[in-house]
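Comments concern the structure below.
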Amino acid sequence: MPLRLSPTFRAALAASDRPLAGMWVCSGNATVTEIAAGSGLDWLLLDMEHSAISLETVLVQLQVAAAYPVTPVVRVPWNDPVLIKQVLDAGAQNLIVPMISSADEARAAVAATRYPPQGIRGVGSALARSARWNRVDGYLATAAQHVSLTVQIETTAGVAAAAEIAAVEGVDAVFVGPSDLSASMGLLGQQSHPDVVAAVHAVFAACRDAGTPVGVNAFDPVVAEAYLDAGADFVAVGADVALLARASEALAARFVTERSTPGPTGLRESY
């Protein structure tokens, strides 16, 4: 029975009349992914770079997310054609490749997502979920239509080359990472420093000139709103592990710390 694949992140960006809001899923837990997938957010970033998420974990996450109207995007840990091939064959249609600092690196990422002669992706669709085990008619000829590539700029070199990177054929979007960018600028941990924000805006301008959608990571709602006002086409506004960490800390502050405060007599208050 012929099957159809879901629209790509590229298609979702093109079809939307507003910026797309998404969140990171770093826990690798399928139930957490399913909860996030049904939240009403537009996209999920399944992160293999800064988590313990493996290829098998990504597969399960893609499977549970498929039941919901959300676009899963997998961030691979590096611009590695072998891993990119495996993630694509697991059925990921949308990739983020981190630490892209030049047009040549962007072209290498594109090549890893394309079959020959346009690229170097290995052919194994009959064995893989990517083509639903050859149930997607003509997959080999149309594979590029079913895959979107977002490259991540997060170094000063990447900012300087943003115009060239955004213009590379096959790059569907650019995602700015202020955390690593701030480190690259000698401002580790200062993602909201004016110089870092200015660099993000410089990437926005370069992508706008190239006609390439651009997004950014911003967990602080005030910062996220500012980047949206500055023209971001998509924003990652939270992460499963961060939400759990902050919510559990708030519970501890309310029900542990506040109830352990010494009273006027030096004794703990009794409630």
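So you can find residues: chains in the structure tokens are A, B, ... in the order shown, residues in each start at 1, and ligands are numbered from 1 in order.
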* Asked: Neighbours of Ala202 in chain A within 10 Å (only C-alpha atoms; same-chain residues fewer than 4 positions away dropped), as a list in words?
  ->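 Here the qualifying residues turn out to be Val159, Ala160, Ala162, Ala163, Val196, Val197, Ala198, Ala206, Cys207 and Arg208 of chain A.
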* To do: Please identify all polymer residues within 6 Å of range 21-28 of chain A, counting only C-alpha atoms, omitting same-chain residues fewer than 6 positions from it, and present them as number ranges by chain.
  => A: 41-47, 51, 53, 234-240
Using only C-alpha atoms, please write the residues we just selected to a file, as an mmCIF file, in the first residue's frame.
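Contents of the output file selection-v1.cif:
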```cif
data_model
loop_
_atom_site.group_PDB
_atom_site.id
_atom_site.type_symbol
_atom_site.label_atom_id
_atom_site.label_comp_id
_atom_site.auth_asym_id
_atom_site.auth_seq_id
_atom_site.Cartn_x
_atom_site.Cartn_y
_atom_site.Cartn_z
ATOM 1 C CA LEU A 41 3.410 23.725 19.893
ATOM 2 C CA ASP A 42 4.463 23.774 16.253
ATOM 3 C CA TRP A 43 7.722 21.818 16.401
ATOM 4 C CA LEU A 44 9.926 19.755 18.685
ATOM 5 C CA LEU A 45 13.710 19.682 18.701
ATOM 6 C CA LEU A 46 14.868 16.146 19.506
ATOM 7 C CA ASP A 47 18.407 16.802 20.661
ATOM 8 C CA SER A 51 21.710 14.618 25.814
ATOM 9 C CA ILE A 53 19.496 10.392 23.197
ATOM 10 C CA PHE A 234 10.877 30.238 14.432
ATOM 11 C CA VAL A 235 11.919 30.144 18.077
ATOM 12 C CA ALA A 236 12.655 27.384 20.585
ATOM 13 C CA VAL A 237 11.064 28.687 23.770
ATOM 14 C CA GLY A 238 11.711 25.923 26.306
ATOM 15 C CA ALA A 239 12.978 22.439 27.043
ATOM 16 C CA ASP A 240 11.442 19.449 28.770
#
```
* To do: Please provide the set of residues having any atom within 8 Å of range 119-129 of chain A, restricted to only C-alpha atoms, with same-chain residues fewer than 3 positions apart removed, written as a count of residues only.
  => 17
* Asked: Near range 93-108 of chain A, within 6 Å and counting only C-alpha atoms, which residues show up once chain neighbours fewer than 4 positions away are dropped, as a list in words?
  -> Val73, Val74, Arg75, Val76, Asn79, Val147, Ser148, Leu149, Thr150, Val151, Gln152, Ile153, Glu154, Ala157, Gly158, Ala161, Glu164 and Ile165 of chain A
* Asked: range 54-241 of chain A: which residues are alpha helix (DSSP H) by DSSP, as JSON, numbers by chain?
  -> {"A": [55, 56, 57, 58, 59, 60, 61, 62, 63, 64, 65, 81, 82, 83, 84, 85, 86, 87, 88, 89, 103, 104, 105, 106, 107, 108, 109, 110, 111, 112, 139, 140, 141, 142, 156, 157, 158, 159, 160, 162, 163, 164, 165, 166, 178, 179, 180, 181, 182, 183, 184, 194, 195, 196, 197, 198, 199, 200, 201, 202, 203, 204, 205, 206, 207, 208, 209, 210, 221, 222, 223, 224, 225, 226, 227, 228, 229, 240, 241]}
* **Best match for closeness to Ile35 in chain A among A:Val168, A:Leu187, A:Ala67, A:Ala11, counting only C-alpha atoms** => A:Ala67
* So how many Å separate CA of Val216 in chain A and CA of Gly177 in chain A, to one decimal? -> 6.2 Å
* To do: From range 39-119 of chain A, collect each residue whose DSSP state is strand (DSSP E) and return the set as JSON, numbers by chain.
  => {"A": [43, 44, 45, 46, 47, 71, 72, 73, 74, 75, 94, 95, 96, 97]}
File dump, residues just selected, C-alpha atoms, as a PDB file, in the first residue's frame:
```
ATOM      1  CA  TRP A  43       7.722  21.818  16.401  1.00  0.00           C
ATOM      2  CA  LEU A  44       9.926  19.755  18.685  1.00  0.00           C
ATOM      3  CA  LEU A  45      13.710  19.682  18.701  1.00  0.00           C
ATOM      4  CA  LEU A  46      14.868  16.146  19.506  1.00  0.00           C
ATOM      5  CA  ASP A  47      18.407  16.802  20.661  1.00  0.00           C
ATOM      6  CA  THR A  71       6.886  18.724  13.314  1.00  0.00           C
ATOM      7  CA  PRO A  72       9.791  16.839  14.908  1.00  0.00           C
ATOM      8  CA  VAL A  73      13.256  18.146  14.094  1.00  0.00           C
ATOM      9  CA  VAL A  74      16.308  16.071  15.042  1.00  0.00           C
ATOM     10  CA  ARG A  75      19.539  17.809  15.932  1.00  0.00           C
ATOM     11  CA  ASN A  94      13.947  17.344   9.436  1.00  0.00           C
ATOM     12  CA  LEU A  95      17.519  17.828  10.632  1.00  0.00           C
ATOM     13  CA  ILE A  96      19.463  20.507  12.465  1.00  0.00           C
ATOM     14  CA  VAL A  97      23.217  20.292  11.999  1.00  0.00           C
TER      15      VAL A  97
END
```
